[in-house]
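Chemist: This one is query_20.tsv, TSV, C-alpha atoms.
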chain	number	residue	atom	x	y	z
A	1	MET	CA	2.82	11.41	4.86
A	2	SER	CA	5.01	8.81	3.36
A	3	GLY	CA	7.89	9.93	1.28
A	4	VAL	CA	6.84	7.91	-1.69
A	5	ALA	CA	3.47	9.50	-2.31
A	6	VAL	CA	4.41	12.03	-4.91
A	7	PRO	CA	1.66	14.51	-5.55
A	8	GLY	CA	0.83	14.53	-9.20
A	9	VAL	CA	-1.44	12.66	-11.48
A	10	ALA	CA	-3.53	10.45	-9.24
A	11	VAL	CA	-3.98	6.86	-10.24
A	12	PRO	CA	-7.59	5.74	-10.33
A	13	ILE	CA	-8.49	2.88	-8.08
A	14	GLN	CA	-9.85	1.08	-11.10
A	15	ALA	CA	-6.31	0.70	-12.35
A	16	TYR	CA	-5.16	-0.98	-9.15
A	17	LEU	CA	-8.25	-3.12	-9.14
A	18	ALA	CA	-7.70	-4.12	-12.76
A	19	VAL	CA	-4.16	-5.17	-11.95
A	20	ALA	CA	-5.39	-7.16	-8.97
A	21	LEU	CA	-8.04	-8.90	-11.02
A	22	VAL	CA	-5.61	-9.69	-13.83
A	23	LEU	CA	-3.20	-11.16	-11.30
A	24	PHE	CA	-6.00	-13.18	-9.75
A	25	ALA	CA	-7.11	-14.53	-13.12
A	26	ILE	CA	-3.54	-15.43	-14.04
A	27	GLY	CA	-3.20	-17.27	-10.76
A	28	ALA	CA	-6.48	-19.11	-11.21
A	29	GLY	CA	-5.65	-20.08	-14.78
A	30	GLY	CA	-2.19	-21.23	-13.79
A	31	LEU	CA	-3.62	-23.24	-10.95
A	32	ALA	CA	-5.77	-25.11	-13.44
A	33	VAL	CA	-3.12	-25.48	-16.13
A	34	ARG	CA	-0.01	-26.43	-14.22
A	35	ARG	CA	0.37	-29.92	-12.81
A	36	SER	CA	3.47	-29.49	-10.75
A	37	PRO	CA	2.33	-29.09	-7.13
A	38	LEU	CA	4.95	-26.42	-6.51
A	39	ALA	CA	3.77	-24.37	-9.47
A	40	MET	CA	0.19	-24.74	-8.26
A	41	LEU	CA	1.13	-23.46	-4.82
A	42	MET	CA	2.92	-20.53	-6.44
A	43	CYS	CA	-0.22	-19.72	-8.41
A	44	ILE	CA	-2.16	-19.73	-5.14
A	45	GLU	CA	0.38	-17.24	-3.84
A	46	LEU	CA	-0.34	-15.07	-6.87
A	47	MET	CA	-4.02	-15.10	-5.95
A	48	TRP	CA	-3.26	-14.15	-2.32
A	49	GLY	CA	-1.17	-11.25	-3.56
A	50	ALA	CA	-3.91	-10.08	-5.88
A	51	ALA	CA	-6.45	-10.11	-3.07
A	52	ASN	CA	-4.05	-8.18	-0.87
A	53	LEU	CA	-3.59	-5.57	-3.55
A	54	ALA	CA	-7.34	-5.09	-3.82
A	55	LEU	CA	-7.62	-4.79	-0.02
A	56	VAL	CA	-4.88	-2.19	0.17
A	57	ALA	CA	-6.29	-0.24	-2.75
A	58	PHE	CA	-9.70	-0.04	-1.13
A	59	ALA	CA	-8.16	0.89	2.19
A	60	ARG	CA	-6.41	3.77	0.50
A	61	ARG	CA	-9.62	4.75	-1.26
A	62	ILE	CA	-11.76	4.79	1.85
A	63	GLY	CA	-9.07	6.06	4.16
A	64	ASP	CA	-9.41	3.26	6.67
A	65	MET	CA	-6.43	1.37	8.02
A	66	GLY	CA	-8.59	-1.73	8.51
A	67	GLY	CA	-7.96	-2.85	4.96
A	68	GLN	CA	-4.23	-2.83	5.50
A	69	VAL	CA	-4.63	-4.76	8.73
A	70	MET	CA	-6.72	-7.35	6.90
A	71	ALA	CA	-4.07	-7.59	4.19
A	72	PHE	CA	-1.50	-8.15	6.92
A	73	PHE	CA	-3.60	-10.95	8.35
A	74	ALA	CA	-3.91	-12.39	4.87
A	75	ILE	CA	-0.13	-12.36	4.49
A	76	THR	CA	0.20	-14.21	7.78
A	77	VAL	CA	-2.40	-16.81	6.91
A	78	ALA	CA	-0.79	-17.22	3.50
A	79	ALA	CA	2.49	-18.00	5.19
A	80	ALA	CA	0.80	-20.63	7.36
A	81	GLU	CA	-0.97	-22.03	4.32
A	82	VAL	CA	2.18	-22.34	2.28
A	83	ALA	CA	3.94	-24.05	5.17
A	84	ILE	CA	1.21	-26.67	5.48
A	85	GLY	CA	0.89	-26.98	1.71
A	86	LEU	CA	4.58	-27.53	1.18
A	87	ALA	CA	4.63	-30.09	3.99
A	88	LEU	CA	1.82	-31.96	2.23
A	89	VAL	CA	3.65	-31.73	-1.08
A	90	VAL	CA	6.77	-33.20	0.46
A	91	LEU	CA	4.71	-35.89	2.13
A	92	ILE	CA	2.89	-36.88	-1.04
A	93	PHE	CA	5.52	-36.45	-3.70
A	94	ARG	CA	8.82	-37.41	-2.12
A	95	PRO	CA	8.35	-41.14	-2.66
A	96	ARG	CA	7.14	-40.61	-6.21
A	97	PRO	CA	9.21	-40.61	-9.36
A	98	ARG	CA	8.01	-37.18	-10.49
A	99	ALA	CA	6.08	-34.27	-9.08
A	100	ASP	CA	2.89	-34.33	-11.08
A	101	VAL	CA	-0.54	-34.10	-9.50
A	102	ASP	CA	-2.02	-36.33	-12.21
A	103	ASP	CA	-0.03	-39.20	-10.78
A	104	VAL	CA	-1.87	-39.13	-7.47
A	105	GLN	CA	-4.64	-41.63	-8.10
A	106	GLU	CA	-4.94	-43.66	-4.94
A	107	LEU	CA	-8.53	-42.59	-4.32
A	108	LYS	CA	-9.66	-43.45	-7.83
A	109	GLY	CA	-12.29	-46.15	-7.64
B	1	MET	CA	3.02	8.62	-9.74
B	2	ILE	CA	1.14	7.10	-12.57
B	3	GLY	CA	4.39	6.18	-14.27
B	4	VAL	CA	5.56	4.37	-11.16
B	5	PHE	CA	2.25	2.57	-11.04
B	6	PHE	CA	2.48	1.42	-14.63
B	7	VAL	CA	6.05	0.24	-14.32
B	8	PHE	CA	5.40	-1.88	-11.27
B	9	ALA	CA	2.04	-3.12	-12.49
B	10	VAL	CA	3.79	-4.41	-15.58
B	11	VAL	CA	6.49	-5.94	-13.38
B	12	ALA	CA	3.91	-7.71	-11.22
B	13	VAL	CA	1.92	-9.03	-14.17
B	14	ALA	CA	5.07	-10.16	-15.95
B	15	GLY	CA	6.16	-12.02	-12.85
B	16	ALA	CA	2.78	-13.70	-12.61
B	17	LEU	CA	2.94	-14.79	-16.25
B	18	GLY	CA	6.43	-16.08	-15.62
B	19	VAL	CA	5.17	-18.21	-12.75
B	20	VAL	CA	2.60	-19.83	-14.98
B	21	ALA	CA	4.98	-20.25	-17.90
B	22	ALA	CA	8.06	-21.46	-16.05
B	23	ARG	CA	9.03	-25.04	-16.82
B	24	THR	CA	11.53	-25.39	-14.02
B	25	PRO	CA	10.41	-24.85	-10.43
B	26	VAL	CA	13.38	-22.61	-9.64
B	27	HIS	CA	12.48	-20.34	-12.53
B	28	GLY	CA	8.96	-20.20	-11.18
B	29	VAL	CA	10.28	-19.11	-7.80
B	30	LEU	CA	12.35	-16.36	-9.42
B	31	ALA	CA	9.33	-15.14	-11.39
B	32	LEU	CA	7.31	-15.17	-8.19
B	33	LEU	CA	9.99	-13.02	-6.61
B	34	VAL	CA	9.58	-10.52	-9.44
B	35	ASN	CA	5.84	-10.52	-8.85
B	36	PHE	CA	6.28	-9.94	-5.11
B	37	VAL	CA	8.66	-7.04	-5.66
B	38	GLY	CA	6.17	-5.47	-8.05
B	39	LEU	CA	3.37	-5.95	-5.54
B	40	GLY	CA	5.48	-4.44	-2.78
B	41	ALA	CA	6.15	-1.37	-4.87
B	42	LEU	CA	2.45	-1.08	-5.63
B	43	PHE	CA	1.80	-1.23	-1.87
B	44	LEU	CA	4.23	1.64	-1.45
B	45	THR	CA	2.38	3.73	-4.00
B	46	LEU	CA	-0.77	3.04	-1.98
B	47	GLU	CA	0.99	4.29	1.17
B	48	ALA	CA	1.05	0.91	2.84
B	49	GLU	CA	4.62	1.12	4.04
B	50	PHE	CA	4.47	-1.61	6.64
B	51	LEU	CA	2.70	-3.96	4.28
B	52	ALA	CA	5.29	-3.37	1.57
B	53	VAL	CA	8.09	-4.22	3.97
B	54	SER	CA	6.35	-7.27	5.36
B	55	GLN	CA	5.47	-8.39	1.86
B	56	ILE	CA	9.14	-8.42	0.97
B	57	ILE	CA	10.26	-9.94	4.28
B	58	VAL	CA	7.57	-12.58	4.65
B	59	TYR	CA	7.09	-13.55	1.04
B	60	ALA	CA	10.42	-12.94	-0.62
B	61	GLY	CA	12.37	-13.74	2.50
B	62	ALA	CA	10.56	-16.65	4.11
B	63	VAL	CA	8.03	-18.19	1.75
B	64	LEU	CA	10.29	-18.31	-1.26
B	65	VAL	CA	13.11	-19.81	0.78
B	66	LEU	CA	10.64	-22.44	1.93
B	67	PHE	CA	9.80	-23.10	-1.71
B	68	LEU	CA	13.47	-23.45	-2.52
B	69	PHE	CA	13.96	-25.91	0.31
B	70	VAL	CA	11.09	-28.04	-0.93
B	71	ILE	CA	12.38	-27.85	-4.48
B	72	SER	CA	15.74	-29.08	-3.33
B	73	LEU	CA	14.00	-31.88	-1.42
B	74	LEU	CA	11.83	-32.92	-4.34
B	75	THR	CA	14.06	-32.47	-7.35
B	76	ALA	CA	17.00	-34.64	-6.39
B	77	ARG	CA	16.01	-37.26	-8.91
B	78	ALA	CA	15.54	-37.89	-12.58
B	79	GLN	CA	12.28	-36.11	-13.42
B	80	PRO	CA	11.79	-33.05	-11.29
B	81	VAL	CA	9.27	-31.39	-13.57
B	82	GLU	CA	5.83	-32.43	-14.61
B	83	GLY	CA	5.67	-35.09	-17.25
B	84	PRO	CA	4.05	-34.81	-20.65
B	85	ARG	CA	0.31	-34.43	-20.51
B	86	ASP	CA	-1.16	-37.84	-21.14
B	87	ARG	CA	-4.64	-37.43	-19.69
B	88	LEU	CA	-7.02	-34.50	-19.78
B	89	ALA	CA	-5.26	-33.11	-22.80
B	90	TYR	CA	-8.04	-30.61	-23.49
B	91	GLN	CA	-7.73	-29.17	-20.01
B	92	GLY	CA	-5.24	-26.44	-20.86
B	93	SER	CA	-7.33	-24.50	-23.35
B	94	LEU	CA	-10.41	-25.08	-21.24
B	95	ALA	CA	-8.68	-23.67	-18.17
B	96	MET	CA	-7.49	-20.64	-20.11
B	97	ALA	CA	-11.04	-19.99	-21.31
B	98	ALA	CA	-12.33	-20.37	-17.76
B	99	ALA	CA	-9.72	-17.96	-16.44
B	100	ALA	CA	-10.58	-15.43	-19.12
B	101	ALA	CA	-14.27	-15.76	-18.26
B	102	LEU	CA	-13.45	-15.31	-14.58
B	103	LEU	CA	-11.49	-12.17	-15.38
B	104	GLY	CA	-14.36	-10.82	-17.43
B	105	VAL	CA	-16.90	-11.48	-14.69
B	106	LEU	CA	-14.66	-9.93	-12.06
B	107	LEU	CA	-13.97	-6.86	-14.15
B	108	ALA	CA	-17.65	-6.41	-14.87
B	109	ALA	CA	-18.54	-6.76	-11.20
B	110	ALA	CA	-15.82	-4.34	-10.15
B	111	GLY	CA	-16.88	-1.84	-12.79
B	112	ARG	CA	-20.47	-1.98	-11.64
B	113	THR	CA	-19.50	-1.62	-8.00
B	114	LEU	CA	-17.22	1.32	-8.60
B	115	GLN	CA	-19.95	3.27	-10.31
B	116	VAL	CA	-21.26	4.14	-6.88
B	117	PRO	CA	-19.23	6.95	-5.42
B	118	ALA	CA	-18.05	6.15	-1.94
B	119	GLY	CA	-15.72	7.54	0.60
B	120	PRO	CA	-14.28	11.01	0.73
B	121	ALA	CA	-14.52	12.96	-2.45
B	122	PRO	CA	-11.31	13.31	-4.41
B	123	ALA	CA	-9.56	16.61	-4.41
B	124	GLY	CA	-11.03	17.63	-7.67
B	125	GLY	CA	-9.48	17.45	-11.07
B	126	PRO	CA	-11.21	17.63	-14.37
B	127	GLY	CA	-11.28	13.93	-15.08
B	128	ALA	CA	-12.38	12.77	-11.67
B	129	GLY	CA	-15.88	11.95	-12.83
B	130	ALA	CA	-17.57	9.29	-10.74
B	131	ALA	CA	-15.21	9.53	-7.78
B	132	GLY	CA	-12.84	7.11	-9.38
B	133	LEU	CA	-9.59	8.84	-8.54
B	134	LEU	CA	-7.82	8.04	-5.38
B	135	PRO	CA	-7.71	11.05	-3.10
B	136	ALA	CA	-4.49	12.93	-3.51
B	137	ALA	CA	-2.03	12.97	-0.68
B	138	ALA	CA	-3.42	14.47	2.50
B	139	ALA	CA	-6.63	15.52	0.82
B	140	GLY	CA	-9.28	13.09	1.97
B	141	LEU	CA	-7.17	10.86	4.13
B	142	PRO	CA	-6.86	10.77	7.89
B	143	ARG	CA	-3.74	12.29	9.26
B	144	GLY	CA	-0.79	9.95	9.16
B	145	PHE	CA	-2.60	7.40	7.04
B	146	GLY	CA	-0.38	4.53	6.03
B	147	SER	CA	2.40	5.21	8.47
B	148	VAL	CA	3.71	2.42	10.64
B	149	GLN	CA	2.31	4.19	13.68
B	150	ALA	CA	-1.18	4.27	12.23
B	151	PHE	CA	-0.88	0.65	11.21
B	152	GLY	CA	0.21	-0.47	14.64
B	153	ARG	CA	-2.51	1.55	16.29
B	154	ALA	CA	-5.17	0.01	14.07
B	155	LEU	CA	-3.71	-3.45	14.56
B	156	LEU	CA	-3.52	-3.34	18.33
B	157	ARG	CA	-6.49	-1.19	19.16
B	158	GLN	CA	-9.11	-2.20	16.63
B	159	TYR	CA	-8.14	-5.79	15.90
B	160	PRO	CA	-6.43	-7.25	18.99
B	161	TYR	CA	-8.42	-10.47	19.07
B	162	GLU	CA	-7.89	-11.07	15.38
B	163	LEU	CA	-4.20	-10.65	15.99
B	164	GLU	CA	-4.31	-13.30	18.69
B	165	LEU	CA	-6.23	-15.59	16.38
B	166	VAL	CA	-3.63	-15.18	13.67
B	167	GLY	CA	-0.96	-16.10	16.18
B	168	LEU	CA	-2.95	-19.23	16.98
B	169	VAL	CA	-3.15	-20.02	13.27
B	170	LEU	CA	0.61	-19.76	12.98
B	171	LEU	CA	1.07	-22.01	16.00
B	172	VAL	CA	-1.26	-24.63	14.55
B	173	ALA	CA	0.60	-24.41	11.26
B	174	CYS	CA	3.92	-25.00	12.99
B	175	VAL	CA	2.61	-28.01	14.90
B	176	GLY	CA	0.90	-29.32	11.79
B	177	VAL	CA	4.06	-29.16	9.74
B	178	MET	CA	5.96	-31.01	12.42
B	179	VAL	CA	3.26	-33.67	12.62
B	180	LEU	CA	3.08	-34.01	8.85
B	181	VAL	CA	6.72	-34.27	7.91
B	182	GLY	CA	7.87	-36.07	11.01
B	183	ARG	CA	9.92	-39.16	10.38
B	184	ARG	CA	7.25	-41.82	10.78
B	185	ALA	CA	4.68	-39.87	8.83
B	186	VAL	CA	6.98	-39.65	5.82
B	187	GLN	CA	7.68	-43.36	5.93
B	188	LEU	CA	4.02	-44.30	6.07
B	189	ALA	CA	2.84	-41.79	3.51
B	190	HIS	CA	3.09	-43.68	0.27
B	191	PRO	CA	1.30	-47.01	-0.17
B	192	ALA	CA	4.48	-48.66	-1.33
B	193	ALA	CA	6.37	-47.39	1.68
B	194	ALA	CA	3.49	-48.30	4.00
B	195	ARG	CA	3.31	-51.75	2.52
B	196	ALA	CA	7.02	-52.21	2.96
B	197	ALA	CA	6.84	-50.99	6.53
B	198	GLY	CA	3.86	-53.26	7.25
B	199	ALA	CA	5.69	-56.19	5.72
B	200	GLY	CA	8.66	-55.45	7.90
B	201	GLU	CA	6.56	-55.32	11.04
B	202	ALA	CA	4.68	-58.49	10.11
B	203	ALA	CA	7.95	-60.28	9.49
B	204	ASP	CA	9.09	-59.18	12.90
B	205	ASP	CA	5.96	-60.59	14.45
B	206	GLY	CA	6.42	-63.86	12.67
B	207	ARG	CA	3.05	-63.59	10.91
B	208	PRO	CA	2.75	-63.55	7.14
B	209	ALA	CA	2.62	-60.11	5.58
B	210	SER	CA	-0.74	-59.09	4.19
B	211	ALA	CA	0.68	-57.79	0.97
B	212	PRO	CA	-1.82	-59.10	-1.63
B	213	PRO	CA	-5.00	-57.22	-0.51
B	214	GLN	CA	-3.05	-54.01	-0.29
B	215	ALA	CA	-1.35	-54.50	-3.61
B	216	ARG	CA	-4.79	-54.82	-5.18
B	217	HIS	CA	-5.39	-51.11	-4.60
B	218	ARG	CA	-2.67	-49.96	-6.95
B	219	PRO	CA	-3.95	-50.12	-10.50
B	220	GLU	CA	-1.01	-48.44	-12.20
B	221	PRO	CA	2.21	-50.35	-12.42
B	222	GLU	CA	5.06	-48.41	-10.93
B	223	PRO	CA	8.74	-49.17	-11.36
B	224	ALA	CA	9.82	-50.91	-8.22
B	225	GLY	CA	13.17	-49.18	-8.19
B	226	VAL	CA	11.78	-45.66	-7.99
B	227	ALA	CA	8.85	-46.58	-5.79
B	228	ALA	CA	11.22	-47.98	-3.24
B	229	GLY	CA	13.17	-44.76	-3.11
B	230	GLY	CA	12.47	-44.18	0.55
B	231	ARG	CA	14.71	-45.73	3.11
B	232	ALA	CA	11.80	-47.58	4.69
B	233	ALA	CA	10.89	-49.25	1.43
B	234	GLY	CA	14.49	-50.18	0.80
B	235	GLY	CA	14.79	-51.62	4.27
B	236	GLY	CA	11.57	-53.60	3.86
B	237	ARG	CA	12.77	-55.01	0.60
B	238	ALA	CA	16.11	-56.12	1.92
What does the file become when written as C-alpha cells?
Modeler:
Amino acid sequence: MSGVAVPGVAVPIQAYLAVALVLFAIGAGGLAVRRSPLAMLMCIELMWGAANLALVAFARRIGDMGGQVMAFFAITVAAAEVAIGLALVVLIFRPRPRADVDDVQELKG
Amino acid sequence: MIGVFFVFAVVAVAGALGVVAARTPVHGVLALLVNFVGLGALFLTLEAEFLAVSQIIVYAGAVLVLFLFVISLLTARAQPVEGPRDRLAYQGSLAMAAAAALLGVLLAAAGRTLQVPAGPAPAGGPGAGAAGLLPAAAAGLPRGFGSVQAFGRALLRQYPYELELVGLVLLVACVGVMVLVGRRAVQLAHPAAARAAGAGEAADDGRPASAPPQARHRPEPEPAGVAAGGRAAGGGRA
C-alpha cells in the first residue's frame, strides 16, 4: 500500500464529499460574482478540482481504479479547456482597455 | 489520518475562497496554487498517488504558468482588474444566494445517496453505522489499490480507447489555440481592429472604406486611444 495511508481513524467519505461540494459551490459562486475573465476561468478550475475529488473519493470507497482514471481524464480535458479558454480571453480582451466581461457587448441588440 | 484530512481540507477551501476574493489576478493564481496543493494532498490521503503527482505537475506546473503568461499579456496597461460594478449591481448577493442554494441541494442529494450502503463493508468500528467510513487500508480494497502500477494497468487495459480520445482532445486543443491566437486572428478580433484593417485594405484597393455601417454597431463610445492599442489599428489610423 502507499506509504501515506496511515492506519488509524478512518475518514468518512461524507467528509471528502462535503469538501468537494463546498469547493464546487465556491467555484460556482465565484464564477457568477467575478467579472474578470481570468478569475472566472480560475473558478472553473476550482469546480474541476472539486469534481475530481469526488471521483477519487468514490473510487477509494468502491475500490475501483476506474474513478481515478476518470479523474485523470478530467485533468487532461481541464488542461485542454484552460488552453482554449485562455486563448479566447487573450483574443477578446487584449484590444480592450480592461479585462471585464461586462464590457463585451457586441452581440447586444 | 483524520487530522491530515482536516488540515488539507481547510487549505483547499481557503485557497478556493482566496481565488474568489482576490482582487489582483496574480493573487488569484497564488490562491489557486494553494487550493491545488490542498487537493493534491487530499488525493494522497485517498491513495491516488499518480493523480496527486499529476495534479501538481499539470495544474500547478502547466496551467498556472499558462495563467501567468496570459496575465502578463493582458495586464500591461492601465486597468488590469475589473472595473467598478456599474450594471447588474444586485448580481453579487443573488449569485451568493444561488451558490448557497446549490450547495444545499448538492449536500442533500449526496446525503440521500450515501444512505444506501454500497461497496465492500468497512472493517468495522463502532461508529461505522451506514457504511459511511472508508475501508481501512488493505481491508476492503483490491491488492495494490492506488499504486502507479494499478493505475497504469487500469488506464491501458480498461480504458485504452478513452486514452486515445483524450490524446485527440489535446491535439485539437493545441491546433485550436494556434488558430485562435495566430497573428491575423488577433488583428481581426476586435471590431475596432477589424474596421481599421478593413479600412487599410480598402484604401489599398482604391475604393472608399465602408466605415459608417460598421461603426453603427458600436453603441458605447470607446476612447480611440485605447481602442487602437493593437498594432493593426495604429497602422490603419496612420
Chemist: Just give me the gap between CA of Ala41 (chain B) and CA of Ala9 (chain B) in Å, one decimal is fine.
Modeler: 8.8 Å
Chemist: Using all atoms listed in the file, can you tell me which of B:Ala62, B:Leu94, B:Leu42, B:Ile56 comes closest to Ala32 (chain A)?
Modeler: B:Leu94
Chemist: Using only C-alpha atoms, determine which residues lie at most 8 Å from region 88-90 of chain A, disregarding the query and same-chain residues fewer than 2 positions distant; provide the list as a VMD selection string.
Modeler: (chain A and resid 37 to 38 84 to 86 92 to 94) or (chain B and resid 70 73 to 74 180 to 181)
Chemist: Against chain B, which residues of chain A fall within 6 Å? For each one I want the closest pair of atoms and the distance in Å (one decimal), counting all atoms listed in the file, rows by chain and increasing residue number, as CSV.
Modeler:
residue,atom,partner,partner_atom,distance
A:Met1,CA,B:Gly144,CA,5.8
A:Val11,CA,B:Ile2,CA,5.6
A:Pro12,CA,B:Leu133,CA,4.1
A:Ile13,CA,B:Leu134,CA,5.9
A:Ala25,CA,B:Ala99,CA,5.4
A:Gly29,CA,B:Ala99,CA,4.9
A:Gly30,CA,B:Val20,CA,5.1
A:Ala32,CA,B:Ala95,CA,5.7
A:Val33,CA,B:Gly92,CA,5.3
A:Ser36,CA,B:Glu82,CA,5.4
A:Arg61,CA,B:Leu134,CA,5.6
A:Ile62,CA,B:Gly119,CA,5.0
A:Gly63,CA,B:Leu141,CA,5.2
A:Ala80,CA,B:Ala173,CA,5.4
A:Ile84,CA,B:Val177,CA,5.7
A:Ala87,CA,B:Val177,CA,5.9
A:Leu91,CA,B:Val186,CA,5.7
A:Arg94,CA,B:Leu74,CA,5.8
A:Pro97,CA,B:Val226,CA,5.8
A:Arg98,CA,B:Gln79,CA,5.3
A:Ala99,CA,B:Glu82,CA,5.8
A:Asp100,CA,B:Glu82,CA,5.0
Chemist: Store the residues of this selection in a file with C-alpha atoms, as a compact mmCIF listing (two decimals), in the coordinates of the input.
Modeler:
# COMPACT_ATOMS: atom_id res chain seq x y z
CA MET A 1 2.82 11.41 4.86
CA VAL A 11 -3.98 6.86 -10.24
CA PRO A 12 -7.59 5.74 -10.33
CA ILE A 13 -8.49 2.88 -8.08
CA ALA A 25 -7.11 -14.53 -13.12
CA GLY A 29 -5.65 -20.08 -14.78
CA GLY A 30 -2.19 -21.23 -13.79
CA ALA A 32 -5.77 -25.11 -13.44
CA VAL A 33 -3.12 -25.48 -16.13
CA SER A 36 3.47 -29.49 -10.75
CA ARG A 61 -9.62 4.75 -1.26
CA ILE A 62 -11.76 4.79 1.85
CA GLY A 63 -9.07 6.06 4.16
CA ALA A 80 0.80 -20.63 7.36
CA ILE A 84 1.21 -26.67 5.48
CA ALA A 87 4.63 -30.09 3.99
CA LEU A 91 4.71 -35.89 2.13
CA ARG A 94 8.82 -37.41 -2.12
CA PRO A 97 9.21 -40.61 -9.36
CA ARG A 98 8.01 -37.18 -10.49
CA ALA A 99 6.08 -34.27 -9.08
CA ASP A 100 2.89 -34.33 -11.08
Chemist: How many Å separate CA of Leu21 (chain A) from CA of Met47 (chain A)?
Modeler: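 Going from CA of Leu21 (chain A) over to CA of Met47 (chain A), I get 9.0 Å.
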Chemist: Write out as AutoDock Vina command-line options an axis-aligned box for region 8-19 of chain B: all of its atoms listed in the file, 3 Å added on each side, centre and edge lengths in Å with one decimal.
Modeler:
--center_x 4.2 --center_y -10.0 --center_z -13.7 --size_x 10.6 --size_y 22.3 --size_z 11.0
Chemist: Could you tell me how far CA of Phe24 (chain A) lies from CA of Ala71 (chain A), in Å and to one decimal?
Modeler: 15.1 Å
Chemist: I need the residue nearest Ile57 (chain B) from this list: A:Ile75, A:Ala59, A:Leu41, A:Leu107. Use all atoms listed in the file for the distance.
Modeler: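 Among the listed residues, the smallest separation from Ile57 (chain B) belongs to A:Ile75.
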Chemist: Looking at all atoms listed in the file, which of A:Val19, A:Ala79, A:Val104, A:Ala10 is the one that sits closest to Arg35 (chain A)?
Modeler: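 Of the candidates, the smallest distance to Arg35 (chain A) is held by A:Val104.
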